[in-house]
Every structure is written in structure tokens, then in C-alpha cells.
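Raw contents of input-v3.pdb, PDB, C-alpha atoms:
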ATOM      1  CA  MET A   1       0.000   0.000   0.000
ATOM      2  CA  LYS A   2       1.265   3.465  -0.859
ATOM      3  CA  THR A   3       2.169   5.943   1.836
ATOM      4  CA  ASN A   4       0.523   9.377   1.745
ATOM      5  CA  GLU A   5       3.819  10.888   0.642
ATOM      6  CA  GLU A   6       3.925   8.482  -2.286
ATOM      7  CA  ARG A   7       0.332   9.378  -3.135
ATOM      8  CA  ILE A   8       1.026  13.122  -3.278
ATOM      9  CA  HIS A   9       4.126  12.603  -5.434
ATOM     10  CA  SER A  10       2.038  10.447  -7.776
ATOM     11  CA  LEU A  11      -0.659  13.128  -7.965
ATOM     12  CA  LEU A  12       1.829  15.887  -8.778
ATOM     13  CA  SER A  13       3.426  13.708 -11.450
ATOM     14  CA  TYR A  14      -0.018  13.079 -12.910
ATOM     15  CA  LEU A  15      -0.618  16.830 -13.126
ATOM     16  CA  ASP A  16       2.631  17.157 -15.071
ATOM     17  CA  SER A  17       1.276  14.699 -17.649
ATOM     18  CA  LEU A  18      -1.768  16.862 -18.405
ATOM     19  CA  SER A  19      -1.795  19.527 -21.068
ATOM     20  CA  TYR A  20      -4.255  21.230 -23.361
ATOM     21  CA  ILE A  21      -4.687  20.796 -27.107
ATOM     22  CA  LYS A  22      -2.691  23.437 -28.959
ATOM     23  CA  PRO A  23      -4.623  25.234 -31.748
ATOM     24  CA  GLU A  24      -1.966  24.266 -34.284
ATOM     25  CA  GLU A  25      -2.673  20.595 -33.524
ATOM     26  CA  ILE A  26      -6.254  20.985 -34.753
ATOM     27  CA  PRO A  27      -6.663  20.406 -38.500
ATOM     28  CA  ASP A  28      -7.540  23.478 -40.550
ATOM     29  CA  ILE A  29      -9.862  21.380 -42.673
ATOM     30  CA  GLN A  30     -13.457  20.558 -41.761
ATOM     31  CA  LEU A  31     -14.006  17.163 -40.194
ATOM     32  CA  TYR A  32     -16.793  14.620 -40.177
ATOM     33  CA  MET A  33     -18.225  13.400 -36.876
ATOM     34  CA  ASP A  34     -16.077  10.238 -36.712
ATOM     35  CA  GLN A  35     -12.930  12.263 -37.339
ATOM     36  CA  VAL A  36     -13.887  14.684 -34.562
ATOM     37  CA  THR A  37     -14.411  11.950 -31.970
ATOM     38  CA  THR A  38     -11.189  10.179 -32.988
ATOM     39  CA  PHE A  39      -9.161  13.387 -32.742
ATOM     40  CA  MET A  40     -10.537  14.273 -29.316
ATOM     41  CA  ASP A  41     -10.034  10.756 -27.982
ATOM     42  CA  ASP A  42      -6.424  10.693 -29.183
ATOM     43  CA  HIS A  43      -5.484  14.117 -27.838
ATOM     44  CA  LEU A  44      -7.275  13.969 -24.489
ATOM     45  CA  LYS A  45      -6.593  10.332 -23.617
ATOM     46  CA  ASN A  46      -4.450  11.291 -20.618
ATOM     47  CA  THR A  47      -7.488  12.886 -18.967
ATOM     48  CA  LYS A  48      -9.580   9.707 -19.076
ATOM     49  CA  ARG A  49     -10.166   7.962 -15.758
ATOM     50  CA  TYR A  50     -10.430   4.510 -17.327
ATOM     51  CA  PRO A  51      -8.918   3.341 -20.646
ATOM     52  CA  GLU A  52     -12.334   2.284 -21.962
ATOM     53  CA  ASP A  53     -13.866   5.724 -21.342
ATOM     54  CA  LYS A  54     -14.789   7.847 -24.336
ATOM     55  CA  VAL A  55     -13.754  11.495 -24.354
ATOM     56  CA  LEU A  56     -16.481  12.342 -26.834
ATOM     57  CA  THR A  57     -19.250  10.451 -28.603
ATOM     58  CA  LYS A  58     -21.702  11.244 -31.390
ATOM     59  CA  THR A  59     -24.526  11.359 -28.847
ATOM     60  CA  MET A  60     -22.635  13.894 -26.733
ATOM     61  CA  ILE A  61     -22.003  16.168 -29.717
ATOM     62  CA  ASN A  62     -25.652  15.996 -30.764
ATOM     63  CA  ASN A  63     -26.719  16.847 -27.205
ATOM     64  CA  TYR A  64     -24.389  19.858 -27.123
ATOM     65  CA  ALA A  65     -25.922  21.187 -30.337
ATOM     66  CA  LYS A  66     -29.442  20.469 -29.062
ATOM     67  CA  ASN A  67     -28.722  22.428 -25.869
ATOM     68  CA  ASN A  68     -27.229  25.422 -27.714
ATOM     69  CA  LEU A  69     -23.680  24.808 -26.546
ATOM     70  CA  LEU A  70     -22.384  24.162 -30.046
ATOM     71  CA  PRO A  71     -23.462  25.604 -33.411
ATOM     72  CA  PRO A  72     -24.676  22.984 -35.876
ATOM     73  CA  PRO A  73     -22.172  21.590 -38.385
ATOM     74  CA  VAL A  74     -22.143  22.811 -41.968
ATOM     75  CA  LYS A  75     -23.050  19.979 -44.332
ATOM     76  CA  LYS A  76     -22.250  17.491 -41.547
ATOM     77  CA  LYS A  77     -18.726  18.888 -41.202
ATOM     78  CA  TYR A  78     -17.151  20.517 -38.147
ATOM     79  CA  SER A  79     -14.755  23.448 -38.415
ATOM     80  CA  LYS A  80     -11.720  24.289 -36.307
ATOM     81  CA  GLU A  81     -13.964  26.640 -34.332
ATOM     82  CA  HIS A  82     -16.311  23.757 -33.560
ATOM     83  CA  MET A  83     -13.312  21.827 -32.252
ATOM     84  CA  LEU A  84     -12.248  24.697 -30.010
ATOM     85  CA  MET A  85     -15.751  24.936 -28.547
ATOM     86  CA  LEU A  86     -15.835  21.171 -27.964
ATOM     87  CA  ILE A  87     -12.613  21.447 -25.959
ATOM     88  CA  PHE A  88     -14.115  24.204 -23.804
ATOM     89  CA  ILE A  89     -17.253  22.079 -23.320
ATOM     90  CA  TYR A  90     -15.129  19.089 -22.329
ATOM     91  CA  TYR A  91     -13.651  20.998 -19.392
ATOM     92  CA  PHE A  92     -16.960  22.511 -18.283
ATOM     93  CA  LYS A  93     -19.359  19.593 -18.677
ATOM     94  CA  ASN A  94     -18.453  17.705 -15.499
ATOM     95  CA  LEU A  95     -18.683  20.841 -13.405
ATOM     96  CA  LEU A  96     -21.684  22.826 -14.617
ATOM     97  CA  SER A  97     -25.173  22.219 -15.983
ATOM     98  CA  PHE A  98     -25.870  22.670 -19.685
ATOM     99  CA  ASN A  99     -27.957  25.712 -18.771
ATOM    100  CA  ASP A 100     -25.011  27.385 -17.039
ATOM    101  CA  ILE A 101     -22.584  26.466 -19.818
ATOM    102  CA  GLU A 102     -24.986  27.921 -22.389
ATOM    103  CA  GLN A 103     -25.159  31.127 -20.366
ATOM    104  CA  LEU A 104     -21.377  31.449 -20.205
ATOM    105  CA  PHE A 105     -20.820  30.537 -23.873
ATOM    106  CA  LYS A 106     -23.580  32.690 -25.352
ATOM    107  CA  PRO A 107     -21.556  35.933 -25.753
ATOM    108  CA  ILE A 108     -18.600  33.960 -27.119
ATOM    109  CA  LEU A 109     -20.721  32.237 -29.768
ATOM    110  CA  GLU A 110     -22.585  35.420 -30.728
ATOM    111  CA  ARG A 111     -19.538  37.664 -31.023
ATOM    112  CA  HIS A 112     -16.610  35.440 -31.917
ATOM    113  CA  PHE A 113     -17.768  32.216 -33.606
ATOM    114  CA  ALA A 114     -17.327  32.424 -37.402
ATOM    115  CA  GLN A 115     -16.753  36.180 -37.268
ATOM    116  CA  ASP A 116     -14.516  37.917 -39.793
ATOM    117  CA  SER A 117     -13.531  40.851 -37.585
ATOM    118  CA  GLY A 118     -12.354  41.379 -34.034
ATOM    119  CA  LEU A 119     -11.066  38.634 -31.793
ATOM    120  CA  SER A 120     -11.449  35.184 -33.282
ATOM    121  CA  LEU A 121     -12.413  32.169 -31.234
ATOM    122  CA  GLU A 122      -8.872  30.891 -31.708
ATOM    123  CA  ASP A 123      -7.504  34.167 -30.285
ATOM    124  CA  ILE A 124      -9.678  33.711 -27.188
ATOM    125  CA  TYR A 125      -8.664  30.064 -26.827
ATOM    126  CA  ARG A 126      -4.956  30.937 -27.031
ATOM    127  CA  GLU A 127      -5.316  33.746 -24.503
ATOM    128  CA  VAL A 128      -7.219  31.627 -22.007
ATOM    129  CA  PHE A 129      -4.895  28.652 -22.233
ATOM    130  CA  SER A 130      -1.782  30.845 -22.082
ATOM    131  CA  LEU A 131      -2.527  30.925 -18.347
ATOM    132  CA  GLU A 132      -1.953  27.169 -18.102
ATOM    133  CA  ASN A 133       1.669  27.186 -16.931
ATOM    134  CA  SER A 134       1.224  29.735 -14.155
ATOM    135  CA  GLN A 135      -2.078  28.160 -13.091
ATOM    136  CA  MET A 136      -0.509  24.700 -12.924
ATOM    137  CA  ALA A 137       2.355  26.009 -10.777
ATOM    138  CA  ARG A 138      -0.091  27.675  -8.370
ATOM    139  CA  LEU A 139      -2.242  24.551  -8.270
ATOM    140  CA  LYS A 140       0.700  22.328  -7.348
ATOM    141  CA  GLU A 141       1.728  24.735  -4.598
ATOM    142  CA  ASP A 142      -1.840  24.775  -3.264
ATOM    143  CA  VAL A 143      -2.155  20.984  -3.382
ATOM    144  CA  ASP A 144       1.116  20.596  -1.496
ATOM    145  CA  ALA A 145       0.002  23.171   1.117
ATOM    146  CA  LYS A 146      -3.258  21.267   1.636
ATOM    147  CA  PHE A 147      -1.336  18.032   1.976
ATOM    148  CA  GLN A 148       0.999  19.497   4.588
ATOM    149  CA  ALA A 149      -1.979  20.871   6.533
ATOM    150  CA  ALA A 150      -3.645  17.453   6.456
ATOM    151  CA  ARG A 151      -0.459  15.807   7.741
ATOM    152  CA  ALA A 152      -0.720  17.954  10.864
ATOM    153  CA  THR A 153      -4.169  16.567  11.711
ATOM    154  CA  PHE A 154      -5.095  13.554  13.866
ATOM    155  CA  GLN A 155      -1.837  13.598  15.801
ATOM    156  CA  GLU A 156      -3.485  11.746  18.690
ATOM    157  CA  ALA A 157      -5.095   9.048  16.564
ATOM    158  CA  GLY A 158      -2.237   6.610  16.870
ATOM    159  CA  ASP A 159      -1.364   4.420  13.927
ATOM    160  CA  THR A 160      -3.173   1.154  14.550
ATOM    161  CA  ALA A 161      -3.521  -0.545  11.173
ATOM    162  CA  GLY A 162      -2.602   2.730   9.480
ATOM    163  CA  GLU A 163      -5.474   4.622  11.151
ATOM    164  CA  GLN A 164      -3.636   7.947  11.390
ATOM    165  CA  GLU A 165      -2.356   7.638   7.828
ATOM    166  CA  TYR A 166      -5.851   7.075   6.485
ATOM    167  CA  LEU A 167      -7.472   9.854   8.550
ATOM    168  CA  GLN A 168      -4.872  12.307   7.299
ATOM    169  CA  LEU A 169      -5.533  11.169   3.726
ATOM    170  CA  PHE A 170      -9.267  11.614   4.321
ATOM    171  CA  ALA A 171      -8.637  15.137   5.643
ATOM    172  CA  PHE A 172      -6.626  15.919   2.501
ATOM    173  CA  ILE A 173      -9.407  14.625   0.231
ATOM    174  CA  CYS A 174     -11.944  16.715   2.158
ATOM    175  CA  GLU A 175      -9.792  19.823   1.656
ATOM    176  CA  LEU A 176      -9.653  19.197  -2.092
ATOM    177  CA  SER A 177     -13.400  18.547  -2.218
ATOM    178  CA  PHE A 178     -14.272  21.700  -0.289
ATOM    179  CA  ASP A 179     -12.072  23.715  -2.640
ATOM    180  CA  VAL A 180     -13.914  22.329  -5.688
ATOM    181  CA  TYR A 181     -17.283  22.914  -3.995
ATOM    182  CA  LEU A 182     -16.541  26.582  -3.275
ATOM    183  CA  LYS A 183     -15.200  27.254  -6.768
ATOM    184  CA  LYS A 184     -18.241  25.599  -8.323
ATOM    185  CA  GLN A 185     -20.466  27.824  -6.178
ATOM    186  CA  MET A 186     -18.614  30.912  -7.413
ATOM    187  CA  ILE A 187     -18.916  29.928 -11.078
ATOM    188  CA  GLU A 188     -22.651  29.259 -10.668
ATOM    189  CA  ALA A 189     -23.078  32.626  -8.922
ATOM    190  CA  LEU A 190     -21.376  34.368 -11.860
ATOM    191  CA  ALA A 191     -23.609  32.517 -14.335
ATOM    192  CA  ASP A 192     -26.663  33.619 -12.338
ATOM    193  CA  GLN A 193     -25.447  37.228 -12.345
ATOM    194  CA  LEU A 194     -25.042  37.159 -16.120
ATOM    195  CA  ARG A 195     -28.487  35.623 -16.497
ATOM    196  CA  SER A 196     -30.083  38.300 -14.299
ATOM    197  CA  GLU A 197     -28.430  41.055 -16.364
ATOM    198  CA  GLU A 198     -29.903  39.849 -19.669
ATOM    199  CA  PRO A 199     -32.502  42.079 -21.344
ATOM    200  CA  PRO A 200     -36.071  40.829 -20.711
ATOM    201  CA  ALA A 201     -36.474  39.836 -24.367
ATOM    202  CA  GLU A 202     -33.482  37.503 -24.124
ATOM    203  CA  LYS A 203     -34.829  35.844 -20.988
ATOM    204  CA  ARG A 204     -38.173  35.141 -22.661
ATOM    205  CA  LYS A 205     -36.417  33.113 -25.377
ATOM    206  CA  LYS A 206     -35.325  30.492 -22.826
TER     207      LYS A 206
END
Would you kindly transcribe this structure into C-alpha cells?
Amino acid sequence: MKTNEERIHSLLSYLDSLSYIKPEEIPDIQLYMDQVTTFMDDHLKNTKRYPEDKVLTKTMINNYAKNNLLPPPVKKKYSKEHMLMLIFIYYFKNLLSFNDIEQLFKPILERHFAQDSGLSLEDIYREVFSLENSQMARLKEDVDAKFQAARATFQEAGDTAGEQEYLQLFAFICELSFDVYLKKQMIEALADQLRSEEPPAEKRKK
């Protein structure tokens, strides 16, 4: 059985293995559905929990279009902009409801999807993901700080059958979970603010 120190080192190494899809890796040609799912599965395979998991399926893509998260394809083909939106959706979908994702994406789709002037969707994608390196460094520092705080807990528990070790691990997991919970609450609050600021005519459309 791994020690908690071995677990944290494994987690930090796992974070080092994760990266985002660079825009230049996305084909500049339009793709059919099967090509889209294959591309996403190949490039995001390190994020899958189990090898048999699918990053993206035809049903998922159809549901995203049905729920106004993704513009429909043109003649059954998906552009580079469609691919960029699918990557954004991939990171949001396990955290927020479709309704909240739609709310957050709406200005992006209206102003920057398939637009000939101003910031392109690719420009926005590059800018957002340029924060990756600094964000990853801060995340690793925060994870290590949480781990060290958890190690200071349950000092009187003793270590019968690894009891103290497990309780400290449980405390660490709770810290991570509470962090995710609070951040999710903040994102939902921002989505609600944006929704409340919409003109009445826009609200009636929903």
C-alpha cells in the first residue's frame, strides 16, 4: 500500500502529464463526426479515468448542439472553431449544468464564432490557455500546502492498522473537495449574475 507521501508525489506527477490541445494541432480542414471523436479521444486520452472511457461520442455532440452549446455543423462537417468549442465544453461539462454552460458561452458564440472581424475564437482560446503554466504552478503549490496541513491533523489518533495515515488522507481529500465545492459555487453565482443582467427579451427566449 502506498504511503501518503507516495500518493502526493504520484498526484503531482499526474498533473505534469496533463496539457491542453494546442490550436496548431487541430486540422484546418473541416471534419466529419467520426474524425472529430477520434481526434478528441487521441489528444485527451491522458485525462480519461479509465482506458475504456470515451472522451467524446456522437450522442454527446448531438446533445451539445441540441442544448445550444455548439453551433450545428455545416453539411455534416465541423470546423476548427467547432473543435475549439468542444474542448471548452469538455472541461466545463463535469462541473456545470448545460444551462449554465450555455449562459457562459452565449456571448462567445454570438460575437466570436465564425466572425470575420475582431477577436477570433482561436484568439480567445490561445489567450485563455496561455494561463496554463502559471495556473498549474499555483495549483501544485496549493495541493502541497493542503497536503501538509492534512499531515498535521489527527496527531493523537495513533497508527493502529494505518489509522492515522488514512485519517490524514481523508482530511486531505476533504480539503480538495471543499475547494472544488466553493469554486463551483462561485462559477454558478457568476452565471446567475449574467443571467439576471440579460434584457427581458433575451430571458423570454429560454
Taking (-23.2, 22.6, -29.7) in the file's coordinates as the center, which residues reach within 10 Å of it, counting all atoms listed in the file, put as a list in words? Met60, Ile61, Asn62, Asn63, Tyr64, Ala65, Lys66, Asn67, Asn68, Leu69, Leu70, Pro71, Pro72, Pro73, His82, Met85, Leu86, Ile89, Glu102 and Leu109 of chain A
On this structure, which residues satisfy the PyMOL selection byres ((chain A and resi 28-45) around 8), written as a PyMOL selection string? chain A and resi 20-21+26-27+46-48+51+54-58+76-80+83
What is the atom CA of A:Asp179-atom CA of A:Leu12 distance in Å, reported with one decimal? 17.1 Å
Residues returned when the PyMOL selection byres ((chain A and resi 134-141) around 12) runs on this file, as an MDAnalysis selection string: chainID A and resid 8:20 128:133 142:148 176 179
Mind writing the picked residues with C-alpha atoms as an mmCIF file, keeping the file's coordinate frame?
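Generated output (part-v4.cif):
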data_model
loop_
_atom_site.group_PDB
_atom_site.id
_atom_site.type_symbol
_atom_site.label_atom_id
_atom_site.label_comp_id
_atom_site.auth_asym_id
_atom_site.auth_seq_id
_atom_site.Cartn_x
_atom_site.Cartn_y
_atom_site.Cartn_z
ATOM 1 C CA ILE A 8 1.026 13.122 -3.278
ATOM 2 C CA HIS A 9 4.126 12.603 -5.434
ATOM 3 C CA SER A 10 2.038 10.447 -7.776
ATOM 4 C CA LEU A 11 -0.659 13.128 -7.965
ATOM 5 C CA LEU A 12 1.829 15.887 -8.778
ATOM 6 C CA SER A 13 3.426 13.708 -11.450
ATOM 7 C CA TYR A 14 -0.018 13.079 -12.910
ATOM 8 C CA LEU A 15 -0.618 16.830 -13.126
ATOM 9 C CA ASP A 16 2.631 17.157 -15.071
ATOM 10 C CA SER A 17 1.276 14.699 -17.649
ATOM 11 C CA LEU A 18 -1.768 16.862 -18.405
ATOM 12 C CA SER A 19 -1.795 19.527 -21.068
ATOM 13 C CA TYR A 20 -4.255 21.230 -23.361
ATOM 14 C CA VAL A 128 -7.219 31.627 -22.007
ATOM 15 C CA PHE A 129 -4.895 28.652 -22.233
ATOM 16 C CA SER A 130 -1.782 30.845 -22.082
ATOM 17 C CA LEU A 131 -2.527 30.925 -18.347
ATOM 18 C CA GLU A 132 -1.953 27.169 -18.102
ATOM 19 C CA ASN A 133 1.669 27.186 -16.931
ATOM 20 C CA ASP A 142 -1.840 24.775 -3.264
ATOM 21 C CA VAL A 143 -2.155 20.984 -3.382
ATOM 22 C CA ASP A 144 1.116 20.596 -1.496
ATOM 23 C CA ALA A 145 0.002 23.171 1.117
ATOM 24 C CA LYS A 146 -3.258 21.267 1.636
ATOM 25 C CA PHE A 147 -1.336 18.032 1.976
ATOM 26 C CA GLN A 148 0.999 19.497 4.588
ATOM 27 C CA LEU A 176 -9.653 19.197 -2.092
ATOM 28 C CA ASP A 179 -12.072 23.715 -2.640
#
Chain and number of each residue from the PyMOL selection byres ((chain A and resi 195) around 12), as an MDAnalysis selection string: chainID A and resid 99:107 188:194 196:204 206
Polymer residues at most 10 Å from A:Arg151, all atoms listed in the file, same-chain spacing of 5 or more positions, as a PyMOL selection string: chain A and resi 4-5+145-146+164-165+167-169+171-172
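Using only C-alpha atoms, the shortest contact distance between A:Glu175 and any of A:Thr153, A:Thr160, A:Lys75, A:Ile187 is found at A:Thr153.
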d(atom CA of A:Glu122, atom CA of A:Leu84) in Å: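 Those two atoms sit 7.3 Å apart.
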Considering all atoms listed in the file, can you say which of A:Ala157, A:Phe170, A:Pro23, A:Lys93 comes closest to A:Leu121? A:Pro23
Identify which of the residues A:Ile124, A:Ala149, A:Val74, A:Met186 lies closest to A:Ile108, counting all atoms listed in the file when measuring atom-to-atom distances. A:Ile124
Extract stretch 16-50 of chain A from the structure I just pasted (atoms: N, CA and C atoms) and return it as a PDB file, in the first residue's frame.
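Listed below is the output, decode-v2.pdb:
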ATOM      1  N   ASP A  16       1.616  16.822 -14.063  1.00  0.00           N
ATOM      2  CA  ASP A  16       2.631  17.157 -15.071  1.00  0.00           C
ATOM      3  C   ASP A  16       2.337  16.504 -16.416  1.00  0.00           C
ATOM      4  N   SER A  17       1.573  15.418 -16.397  1.00  0.00           N
ATOM      5  CA  SER A  17       1.276  14.699 -17.649  1.00  0.00           C
ATOM      6  C   SER A  17       0.114  15.334 -18.417  1.00  0.00           C
ATOM      7  N   LEU A  18      -0.592  16.258 -17.776  1.00  0.00           N
ATOM      8  CA  LEU A  18      -1.768  16.862 -18.405  1.00  0.00           C
ATOM      9  C   LEU A  18      -1.395  18.132 -19.155  1.00  0.00           C
ATOM     10  N   SER A  19      -1.993  18.307 -20.302  1.00  0.00           N
ATOM     11  CA  SER A  19      -1.795  19.527 -21.068  1.00  0.00           C
ATOM     12  C   SER A  19      -3.015  19.744 -21.950  1.00  0.00           C
ATOM     13  N   TYR A  20      -3.112  20.932 -22.506  1.00  0.00           N
ATOM     14  CA  TYR A  20      -4.255  21.230 -23.361  1.00  0.00           C
ATOM     15  C   TYR A  20      -3.888  21.018 -24.828  1.00  0.00           C
ATOM     16  N   ILE A  21      -4.906  20.957 -25.665  1.00  0.00           N
ATOM     17  CA  ILE A  21      -4.687  20.796 -27.107  1.00  0.00           C
ATOM     18  C   ILE A  21      -4.296  22.154 -27.686  1.00  0.00           C
ATOM     19  N   LYS A  22      -3.145  22.194 -28.331  1.00  0.00           N
ATOM     20  CA  LYS A  22      -2.691  23.437 -28.959  1.00  0.00           C
ATOM     21  C   LYS A  22      -3.500  23.688 -30.240  1.00  0.00           C
ATOM     22  N   PRO A  23      -3.837  24.943 -30.534  1.00  0.00           N
ATOM     23  CA  PRO A  23      -4.623  25.234 -31.748  1.00  0.00           C
ATOM     24  C   PRO A  23      -3.987  24.701 -33.022  1.00  0.00           C
ATOM     25  N   GLU A  24      -2.645  24.741 -33.074  1.00  0.00           N
ATOM     26  CA  GLU A  24      -1.966  24.266 -34.284  1.00  0.00           C
ATOM     27  C   GLU A  24      -2.064  22.751 -34.455  1.00  0.00           C
ATOM     28  N   GLU A  25      -2.482  22.039 -33.412  1.00  0.00           N
ATOM     29  CA  GLU A  25      -2.673  20.595 -33.524  1.00  0.00           C
ATOM     30  C   GLU A  25      -4.019  20.250 -34.168  1.00  0.00           C
ATOM     31  N   ILE A  26      -4.916  21.217 -34.192  1.00  0.00           N
ATOM     32  CA  ILE A  26      -6.254  20.985 -34.753  1.00  0.00           C
ATOM     33  C   ILE A  26      -6.204  21.193 -36.261  1.00  0.00           C
ATOM     34  N   PRO A  27      -6.682  20.249 -37.039  1.00  0.00           N
ATOM     35  CA  PRO A  27      -6.663  20.406 -38.500  1.00  0.00           C
ATOM     36  C   PRO A  27      -7.411  21.657 -38.965  1.00  0.00           C
ATOM     37  N   ASP A  28      -6.891  22.298 -39.991  1.00  0.00           N
ATOM     38  CA  ASP A  28      -7.540  23.478 -40.550  1.00  0.00           C
ATOM     39  C   ASP A  28      -8.642  23.110 -41.530  1.00  0.00           C
ATOM     40  N   ILE A  29      -8.795  21.832 -41.787  1.00  0.00           N
ATOM     41  CA  ILE A  29      -9.862  21.380 -42.673  1.00  0.00           C
ATOM     42  C   ILE A  29     -11.086  20.994 -41.842  1.00  0.00           C
ATOM     43  N   GLN A  30     -12.246  20.965 -42.474  1.00  0.00           N
ATOM     44  CA  GLN A  30     -13.457  20.558 -41.761  1.00  0.00           C
ATOM     45  C   GLN A  30     -13.494  19.037 -41.626  1.00  0.00           C
ATOM     46  N   LEU A  31     -14.025  18.588 -40.506  1.00  0.00           N
ATOM     47  CA  LEU A  31     -14.006  17.163 -40.194  1.00  0.00           C
ATOM     48  C   LEU A  31     -15.412  16.594 -40.066  1.00  0.00           C
ATOM     49  N   TYR A  32     -15.541  15.332 -40.423  1.00  0.00           N
ATOM     50  CA  TYR A  32     -16.793  14.620 -40.177  1.00  0.00           C
ATOM     51  C   TYR A  32     -16.836  14.161 -38.713  1.00  0.00           C
ATOM     52  N   MET A  33     -18.006  13.775 -38.274  1.00  0.00           N
ATOM     53  CA  MET A  33     -18.225  13.400 -36.876  1.00  0.00           C
ATOM     54  C   MET A  33     -17.208  12.366 -36.379  1.00  0.00           C
ATOM     55  N   ASP A  34     -16.999  11.291 -37.140  1.00  0.00           N
ATOM     56  CA  ASP A  34     -16.077  10.238 -36.712  1.00  0.00           C
ATOM     57  C   ASP A  34     -14.655  10.766 -36.561  1.00  0.00           C
ATOM     58  N   GLN A  35     -14.269  11.682 -37.425  1.00  0.00           N
ATOM     59  CA  GLN A  35     -12.930  12.263 -37.339  1.00  0.00           C
ATOM     60  C   GLN A  35     -12.804  13.147 -36.102  1.00  0.00           C
ATOM     61  N   VAL A  36     -13.879  13.833 -35.759  1.00  0.00           N
ATOM     62  CA  VAL A  36     -13.887  14.684 -34.562  1.00  0.00           C
ATOM     63  C   VAL A  36     -13.699  13.839 -33.312  1.00  0.00           C
ATOM     64  N   THR A  37     -14.492  12.780 -33.177  1.00  0.00           N
ATOM     65  CA  THR A  37     -14.411  11.950 -31.970  1.00  0.00           C
ATOM     66  C   THR A  37     -13.056  11.253 -31.859  1.00  0.00           C
ATOM     67  N   THR A  38     -12.503  10.826 -32.995  1.00  0.00           N
ATOM     68  CA  THR A  38     -11.189  10.179 -32.988  1.00  0.00           C
ATOM     69  C   THR A  38     -10.102  11.160 -32.557  1.00  0.00           C
ATOM     70  N   PHE A  39     -10.151  12.360 -33.094  1.00  0.00           N
ATOM     71  CA  PHE A  39      -9.161  13.387 -32.742  1.00  0.00           C
ATOM     72  C   PHE A  39      -9.201  13.698 -31.253  1.00  0.00           C
ATOM     73  N   MET A  40     -10.397  13.919 -30.722  1.00  0.00           N
ATOM     74  CA  MET A  40     -10.537  14.273 -29.316  1.00  0.00           C
ATOM     75  C   MET A  40     -10.077  13.127 -28.417  1.00  0.00           C
ATOM     76  N   ASP A  41     -10.421  11.914 -28.794  1.00  0.00           N
ATOM     77  CA  ASP A  41     -10.034  10.756 -27.982  1.00  0.00           C
ATOM     78  C   ASP A  41      -8.518  10.585 -27.975  1.00  0.00           C
ATOM     79  N   ASP A  42      -7.879  10.824 -29.094  1.00  0.00           N
ATOM     80  CA  ASP A  42      -6.424  10.693 -29.183  1.00  0.00           C
ATOM     81  C   ASP A  42      -5.707  11.766 -28.370  1.00  0.00           C
ATOM     82  N   HIS A  43      -6.201  12.992 -28.441  1.00  0.00           N
ATOM     83  CA  HIS A  43      -5.484  14.117 -27.838  1.00  0.00           C
ATOM     84  C   HIS A  43      -5.821  14.361 -26.374  1.00  0.00           C
ATOM     85  N   LEU A  44      -6.914  13.776 -25.893  1.00  0.00           N
ATOM     86  CA  LEU A  44      -7.275  13.969 -24.489  1.00  0.00           C
ATOM     87  C   LEU A  44      -7.268  12.648 -23.715  1.00  0.00           C
ATOM     88  N   LYS A  45      -6.574  11.656 -24.242  1.00  0.00           N
ATOM     89  CA  LYS A  45      -6.593  10.332 -23.617  1.00  0.00           C
ATOM     90  C   LYS A  45      -5.989  10.341 -22.216  1.00  0.00           C
ATOM     91  N   ASN A  46      -5.062  11.247 -21.952  1.00  0.00           N
ATOM     92  CA  ASN A  46      -4.450  11.291 -20.618  1.00  0.00           C
ATOM     93  C   ASN A  46      -5.413  11.780 -19.541  1.00  0.00           C
ATOM     94  N   THR A  47      -6.521  12.373 -19.945  1.00  0.00           N
ATOM     95  CA  THR A  47      -7.488  12.886 -18.967  1.00  0.00           C
ATOM     96  C   THR A  47      -8.557  11.851 -18.618  1.00  0.00           C
ATOM     97  N   LYS A  48      -8.560  10.722 -19.332  1.00  0.00           N
ATOM     98  CA  LYS A  48      -9.580   9.707 -19.076  1.00  0.00           C
ATOM     99  C   LYS A  48      -9.294   8.981 -17.773  1.00  0.00           C
ATOM    100  N   ARG A  49     -10.342   8.693 -17.015  1.00  0.00           N
ATOM    101  CA  ARG A  49     -10.166   7.962 -15.758  1.00  0.00           C
ATOM    102  C   ARG A  49      -9.877   6.493 -16.021  1.00  0.00           C
ATOM    103  N   TYR A  50     -10.619   5.917 -16.975  1.00  0.00           N
ATOM    104  CA  TYR A  50     -10.430   4.510 -17.327  1.00  0.00           C
ATOM    105  C   TYR A  50     -10.123   4.408 -18.824  1.00  0.00           C
TER     106      TYR A  50
END
